[in-house]
Amino acid sequence: MQAQTASGKKVLVAYFSHSGNTREMARQIAEATNGDLFEIVPQSAYPAQYDAVMAQAKREIGRGYRPALKGRLPDIGAYDVIFVGSPCWWGTVAPPVATFLAAYDWSGKTVAPFMTHGGSRMGRSEEDIGKLCHGATLLGGLPVRGSAVKGSLDAVGKWIGGMNLSK
């Protein structure tokens, strides 16, 4: 059974994390909303070395590549609000997140994106997420610099507070 917020909405926090920053943000959001966590994991892991992962991401994003994912995807129909988290790679969501988003019917759902970044903030990710989530209400996203994630609890709380989703 899915947890509910004080507003009675069922929340899922789905995220892909390469370095751990997006995972930490997802944990903070799930804690603040009493939401369920789901980690988006690609079948084939990305290289650990920064330059190698950025080169691979650039190729994949340029080709519109959608990598296969590991694990069973959650039943999106059971949730009202889905937070979607990703590192901002080349100005958009990481390819595993695009795979995840393309797998569902988003009609009637509320989607709230959050991004970790090294200076690009949200890039064009909100626009790209909107294209992949036809029929969803897309809320304004929260960008947090990767180096600031551990100290982002106040920013996360303020962002969620504006959505009436706090637990």
# chains A, B, ... in the order shown; residues from 1 in each chain; ligands from 1
>>> closest_atom_pairs(of="segment 30-118 of chain A", to="segment 148-164 of chain A", cutoff="10 Å", atoms="only C-alpha atoms", output="Markdown table")
| residue | atom | partner | partner_atom | distance |
| --- | --- | --- | --- | --- |
| A:Ala32 | CA | A:Gly157 | CA | 6.9 |
| A:Thr33 | CA | A:Ile160 | CA | 7.7 |
| A:Ala112 | CA | A:Ile160 | CA | 9.5 |
| A:Phe114 | CA | A:Val156 | CA | 9.5 |
| A:Thr116 | CA | A:Val149 | CA | 7.8 |
| A:His117 | CA | A:Ala148 | CA | 9.7 |
| A:Gly118 | CA | A:Ala148 | CA | 9.9 |
>>> residues_around(residues="segment 138-142 of chain A", least_positions_apart="4", cutoff="10 Å", atoms="only C-alpha atoms", output="PDB file with N, CA and C atoms, in the first residue's frame")
ATOM      1  N   VAL A  81       1.056  11.990  -7.417  1.00  0.00           N
ATOM      2  CA  VAL A  81       2.167  12.916  -7.652  1.00  0.00           C
ATOM      3  C   VAL A  81       3.450  12.103  -7.789  1.00  0.00           C
ATOM      4  N   ILE A  82       4.190  12.366  -8.858  1.00  0.00           N
ATOM      5  CA  ILE A  82       5.445  11.664  -9.088  1.00  0.00           C
ATOM      6  C   ILE A  82       6.555  12.701  -9.191  1.00  0.00           C
ATOM      7  N   PHE A  83       7.482  12.645  -8.245  1.00  0.00           N
ATOM      8  CA  PHE A  83       8.694  13.457  -8.313  1.00  0.00           C
ATOM      9  C   PHE A  83       9.678  12.676  -9.172  1.00  0.00           C
ATOM     10  N   VAL A  84      10.308  13.350 -10.130  1.00  0.00           N
ATOM     11  CA  VAL A  84      11.247  12.693 -11.033  1.00  0.00           C
ATOM     12  C   VAL A  84      12.590  13.395 -10.915  1.00  0.00           C
ATOM     13  N   GLY A  85      13.622  12.625 -10.513  1.00  0.00           N
ATOM     14  CA  GLY A  85      14.933  13.218 -10.290  1.00  0.00           C
ATOM     15  C   GLY A  85      15.999  12.669 -11.202  1.00  0.00           C
ATOM     16  N   LYS A 109      -1.797  12.766 -13.994  1.00  0.00           N
ATOM     17  CA  LYS A 109      -0.769  12.749 -12.951  1.00  0.00           C
ATOM     18  C   LYS A 109      -0.150  14.135 -12.797  1.00  0.00           C
ATOM     19  N   THR A 110       0.435  14.374 -11.644  1.00  0.00           N
ATOM     20  CA  THR A 110       1.209  15.583 -11.398  1.00  0.00           C
ATOM     21  C   THR A 110       2.668  15.160 -11.322  1.00  0.00           C
ATOM     22  N   VAL A 111       3.510  15.815 -12.113  1.00  0.00           N
ATOM     23  CA  VAL A 111       4.933  15.482 -12.170  1.00  0.00           C
ATOM     24  C   VAL A 111       5.742  16.689 -11.689  1.00  0.00           C
ATOM     25  N   ALA A 112       6.651  16.433 -10.754  1.00  0.00           N
ATOM     26  CA  ALA A 112       7.508  17.482 -10.200  1.00  0.00           C
ATOM     27  C   ALA A 112       8.966  17.075 -10.402  1.00  0.00           C
ATOM     28  N   PRO A 113       9.676  17.718 -11.336  1.00  0.00           N
ATOM     29  CA  PRO A 113      11.071  17.345 -11.585  1.00  0.00           C
ATOM     30  C   PRO A 113      12.042  17.997 -10.608  1.00  0.00           C
ATOM     31  N   PHE A 114      13.113  17.271 -10.305  1.00  0.00           N
ATOM     32  CA  PHE A 114      14.217  17.850  -9.544  1.00  0.00           C
ATOM     33  C   PHE A 114      15.515  17.386 -10.186  1.00  0.00           C
ATOM     34  N   MET A 115      16.473  18.309 -10.211  1.00  0.00           N
ATOM     35  CA  MET A 115      17.730  18.043 -10.909  1.00  0.00           C
ATOM     36  C   MET A 115      18.903  18.408 -10.017  1.00  0.00           C
ATOM     37  N   THR A 116      19.950  17.610 -10.101  1.00  0.00           N
ATOM     38  CA  THR A 116      21.231  17.995  -9.540  1.00  0.00           C
ATOM     39  C   THR A 116      22.099  18.419 -10.714  1.00  0.00           C
ATOM     40  N   ARG A 121      21.726  24.264 -13.857  1.00  0.00           N
ATOM     41  CA  ARG A 121      20.400  24.330 -13.232  1.00  0.00           C
ATOM     42  C   ARG A 121      19.460  23.279 -13.857  1.00  0.00           C
ATOM     43  N   MET A 122      18.285  23.678 -14.356  1.00  0.00           N
ATOM     44  CA  MET A 122      17.335  22.717 -14.936  1.00  0.00           C
ATOM     45  C   MET A 122      17.611  22.464 -16.428  1.00  0.00           C
ATOM     46  N   SER A 125      15.444  20.511 -19.216  1.00  0.00           N
ATOM     47  CA  SER A 125      14.824  19.276 -18.730  1.00  0.00           C
ATOM     48  C   SER A 125      13.317  19.401 -18.532  1.00  0.00           C
ATOM     49  N   GLU A 126      12.837  20.550 -18.053  1.00  0.00           N
ATOM     50  CA  GLU A 126      11.384  20.676 -17.844  1.00  0.00           C
ATOM     51  C   GLU A 126      10.642  20.550 -19.172  1.00  0.00           C
ATOM     52  N   GLU A 127      11.155  21.187 -20.204  1.00  0.00           N
ATOM     53  CA  GLU A 127      10.537  21.086 -21.530  1.00  0.00           C
ATOM     54  C   GLU A 127      10.580  19.639 -22.029  1.00  0.00           C
ATOM     55  N   ILE A 129      10.865  16.849 -20.230  1.00  0.00           N
ATOM     56  CA  ILE A 129       9.974  16.029 -19.404  1.00  0.00           C
ATOM     57  C   ILE A 129       8.527  16.243 -19.828  1.00  0.00           C
ATOM     58  N   GLY A 130       8.158  17.495 -20.101  1.00  0.00           N
ATOM     59  CA  GLY A 130       6.799  17.792 -20.559  1.00  0.00           C
ATOM     60  C   GLY A 130       6.440  17.038 -21.830  1.00  0.00           C
ATOM     61  N   CYS A 133       5.783  13.365 -20.868  1.00  0.00           N
ATOM     62  CA  CYS A 133       4.696  13.137 -19.901  1.00  0.00           C
ATOM     63  C   CYS A 133       3.386  13.749 -20.396  1.00  0.00           C
ATOM     64  N   HIS A 134       2.953  13.363 -21.581  1.00  0.00           N
ATOM     65  CA  HIS A 134       1.705  13.880 -22.142  1.00  0.00           C
ATOM     66  C   HIS A 134       0.548  13.675 -21.173  1.00  0.00           C
ATOM     67  N   ALA A 155      15.709  24.234   1.115  1.00  0.00           N
ATOM     68  CA  ALA A 155      15.208  24.492  -0.243  1.00  0.00           C
ATOM     69  C   ALA A 155      14.183  23.436  -0.644  1.00  0.00           C
ATOM     70  N   VAL A 156      14.473  22.179  -0.318  1.00  0.00           N
ATOM     71  CA  VAL A 156      13.533  21.090  -0.616  1.00  0.00           C
ATOM     72  C   VAL A 156      12.228  21.314   0.142  1.00  0.00           C
ATOM     73  N   TRP A 159      10.208  24.190  -1.390  1.00  0.00           N
ATOM     74  CA  TRP A 159       9.657  23.768  -2.684  1.00  0.00           C
ATOM     75  C   TRP A 159       8.430  22.875  -2.471  1.00  0.00           C
ATOM     76  N   ILE A 160       8.553  21.887  -1.621  1.00  0.00           N
ATOM     77  CA  ILE A 160       7.445  20.960  -1.354  1.00  0.00           C
ATOM     78  C   ILE A 160       6.306  21.682  -0.625  1.00  0.00           C
ATOM     79  N   MET A 163       3.589  23.049  -2.570  1.00  0.00           N
ATOM     80  CA  MET A 163       2.742  22.080  -3.278  1.00  0.00           C
ATOM     81  C   MET A 163       1.657  21.483  -2.397  1.00  0.00           C
TER      82      MET A 163
END
>>> closest_residue(among="A:Leu132, A:Ala78, A:Ala94, A:Ala68", to="His18 of chain A", atoms="only C-alpha atoms")
A:Ala94
>>> select_by_dssp(residues="segment 54-132 of chain A", states="alpha helix (DSSP H)", output="PyMOL selection string")
chain A and resi 54-63+95-102+125-132
>>> write_last_selection(atoms="N, CA, C and O atoms", output="mmCIF file, in the first residue's frame")
data_model
loop_
_atom_site.group_PDB
_atom_site.id
_atom_site.type_symbol
_atom_site.label_atom_id
_atom_site.label_comp_id
_atom_site.auth_asym_id
_atom_site.auth_seq_id
_atom_site.Cartn_x
_atom_site.Cartn_y
_atom_site.Cartn_z
ATOM 1 N N MET A 54 30.343 11.481 -19.211
ATOM 2 C CA MET A 54 29.844 12.645 -19.950
ATOM 3 C C MET A 54 29.895 12.406 -21.461
ATOM 4 O O MET A 54 28.975 12.782 -22.182
ATOM 5 N N ALA A 55 30.941 11.749 -21.936
ATOM 6 C CA ALA A 55 31.033 11.431 -23.366
ATOM 7 C C ALA A 55 29.929 10.454 -23.769
ATOM 8 O O ALA A 55 29.274 10.632 -24.813
ATOM 9 N N GLN A 56 29.700 9.439 -22.963
ATOM 10 C CA GLN A 56 28.643 8.468 -23.258
ATOM 11 C C GLN A 56 27.276 9.147 -23.223
ATOM 12 O O GLN A 56 26.438 8.919 -24.103
ATOM 13 N N ALA A 57 27.044 9.982 -22.210
ATOM 14 C CA ALA A 57 25.757 10.681 -22.090
ATOM 15 C C ALA A 57 25.522 11.586 -23.298
ATOM 16 O O ALA A 57 24.408 11.638 -23.826
ATOM 17 N N LYS A 58 26.555 12.278 -23.743
ATOM 18 C CA LYS A 58 26.419 13.168 -24.906
ATOM 19 C C LYS A 58 26.008 12.371 -26.141
ATOM 20 O O LYS A 58 25.104 12.785 -26.882
ATOM 21 N N ARG A 59 26.650 11.218 -26.355
ATOM 22 C CA ARG A 59 26.296 10.361 -27.504
ATOM 23 C C ARG A 59 24.846 9.879 -27.391
ATOM 24 O O ARG A 59 24.077 9.930 -28.350
ATOM 25 N N GLU A 60 24.473 9.393 -26.207
ATOM 26 C CA GLU A 60 23.125 8.839 -26.021
ATOM 27 C C GLU A 60 22.054 9.905 -26.187
ATOM 28 O O GLU A 60 21.038 9.677 -26.858
ATOM 29 N N ILE A 61 22.260 11.062 -25.585
ATOM 30 C CA ILE A 61 21.270 12.143 -25.678
ATOM 31 C C ILE A 61 21.160 12.620 -27.115
ATOM 32 O O ILE A 61 20.060 12.828 -27.631
ATOM 33 N N GLY A 62 22.299 12.747 -27.799
ATOM 34 C CA GLY A 62 22.305 13.180 -29.195
ATOM 35 C C GLY A 62 21.539 12.236 -30.115
ATOM 36 O O GLY A 62 20.913 12.666 -31.074
ATOM 37 N N ARG A 63 21.571 10.946 -29.810
ATOM 38 C CA ARG A 63 20.870 9.937 -30.623
ATOM 39 C C ARG A 63 19.450 9.661 -30.126
ATOM 40 O O ARG A 63 18.730 8.872 -30.746
ATOM 41 N N PRO A 95 19.577 9.723 -19.863
ATOM 42 C CA PRO A 95 18.813 8.786 -20.686
ATOM 43 C C PRO A 95 17.990 7.745 -19.920
ATOM 44 O O PRO A 95 16.854 7.454 -20.340
ATOM 45 N N PRO A 96 18.454 7.180 -18.785
ATOM 46 C CA PRO A 96 17.584 6.239 -18.065
ATOM 47 C C PRO A 96 16.276 6.880 -17.595
ATOM 48 O O PRO A 96 15.234 6.214 -17.548
ATOM 49 N N VAL A 97 16.302 8.165 -17.272
ATOM 50 C CA VAL A 97 15.086 8.854 -16.848
ATOM 51 C C VAL A 97 14.143 9.015 -18.041
ATOM 52 O O VAL A 97 12.925 8.837 -17.912
ATOM 53 N N ALA A 98 14.692 9.306 -19.224
ATOM 54 C CA ALA A 98 13.850 9.389 -20.422
ATOM 55 C C ALA A 98 13.194 8.042 -20.705
ATOM 56 O O ALA A 98 12.012 7.982 -21.058
ATOM 57 N N THR A 99 13.933 6.939 -20.517
ATOM 58 C CA THR A 99 13.356 5.596 -20.687
ATOM 59 C C THR A 99 12.186 5.412 -19.729
ATOM 60 O O THR A 99 11.104 4.947 -20.117
ATOM 61 N N PHE A 100 12.400 5.752 -18.470
ATOM 62 C CA PHE A 100 11.368 5.635 -17.434
ATOM 63 C C PHE A 100 10.127 6.448 -17.810
ATOM 64 O O PHE A 100 9.002 5.939 -17.780
ATOM 65 N N LEU A 101 10.327 7.695 -18.185
ATOM 66 C CA LEU A 101 9.197 8.576 -18.493
ATOM 67 C C LEU A 101 8.414 8.084 -19.708
ATOM 68 O O LEU A 101 7.186 8.173 -19.739
ATOM 69 N N ALA A 102 9.121 7.569 -20.709
ATOM 70 C CA ALA A 102 8.467 7.109 -21.943
ATOM 71 C C ALA A 102 7.647 5.833 -21.731
ATOM 72 O O ALA A 102 6.821 5.478 -22.570
ATOM 73 N N SER A 125 15.444 20.511 -19.216
ATOM 74 C CA SER A 125 14.824 19.276 -18.730
ATOM 75 C C SER A 125 13.317 19.401 -18.532
ATOM 76 O O SER A 125 12.579 18.457 -18.839
ATOM 77 N N GLU A 126 12.837 20.550 -18.053
ATOM 78 C CA GLU A 126 11.384 20.676 -17.844
ATOM 79 C C GLU A 126 10.642 20.550 -19.172
ATOM 80 O O GLU A 126 9.616 19.861 -19.249
ATOM 81 N N GLU A 127 11.155 21.187 -20.204
ATOM 82 C CA GLU A 127 10.537 21.086 -21.530
ATOM 83 C C GLU A 127 10.580 19.639 -22.029
ATOM 84 O O GLU A 127 9.582 19.112 -22.524
ATOM 85 N N ASP A 128 11.728 18.979 -21.867
ATOM 86 C CA ASP A 128 11.858 17.592 -22.322
ATOM 87 C C ASP A 128 10.963 16.648 -21.528
ATOM 88 O O ASP A 128 10.348 15.741 -22.093
ATOM 89 N N ILE A 129 10.865 16.849 -20.230
ATOM 90 C CA ILE A 129 9.974 16.029 -19.404
ATOM 91 C C ILE A 129 8.527 16.243 -19.828
ATOM 92 O O ILE A 129 7.755 15.295 -19.944
ATOM 93 N N GLY A 130 8.158 17.495 -20.101
ATOM 94 C CA GLY A 130 6.799 17.792 -20.559
ATOM 95 C C GLY A 130 6.440 17.038 -21.830
ATOM 96 O O GLY A 130 5.316 16.555 -21.983
ATOM 97 N N LYS A 131 7.399 16.897 -22.742
ATOM 98 C CA LYS A 131 7.166 16.162 -23.997
ATOM 99 C C LYS A 131 6.970 14.675 -23.742
ATOM 100 O O LYS A 131 6.234 14.006 -24.468
ATOM 101 N N LEU A 132 7.635 14.139 -22.725
ATOM 102 C CA LEU A 132 7.546 12.712 -22.419
ATOM 103 C C LEU A 132 6.359 12.369 -21.516
ATOM 104 O O LEU A 132 5.988 11.207 -21.409
#
>>> residues_around(residues="Val41 of chain A", least_positions_apart="4", cutoff="7 Å", atoms="only C-alpha atoms", output="VMD selection string")
chain A and resid 16 69 to 70
>>> closest_residue(among="A:Asp51, A:Arg124, A:Ser19, A:Cys88", to="Val144 of chain A", atoms="only C-alpha atoms")
A:Cys88
>>> select_by_dssp(residues="segment 7-150 of chain A", states="strand (DSSP E or B)", output="VMD selection string")
chain A and resid 10 to 15 36 to 39 42 69 81 to 89 92 to 93 110 to 117 137 to 138 142 to 145
>>> atom_distance(atom1="atom CA of Ser17 of chain A", atom2="atom CA of Ala103 of chain A")
18.7 Å
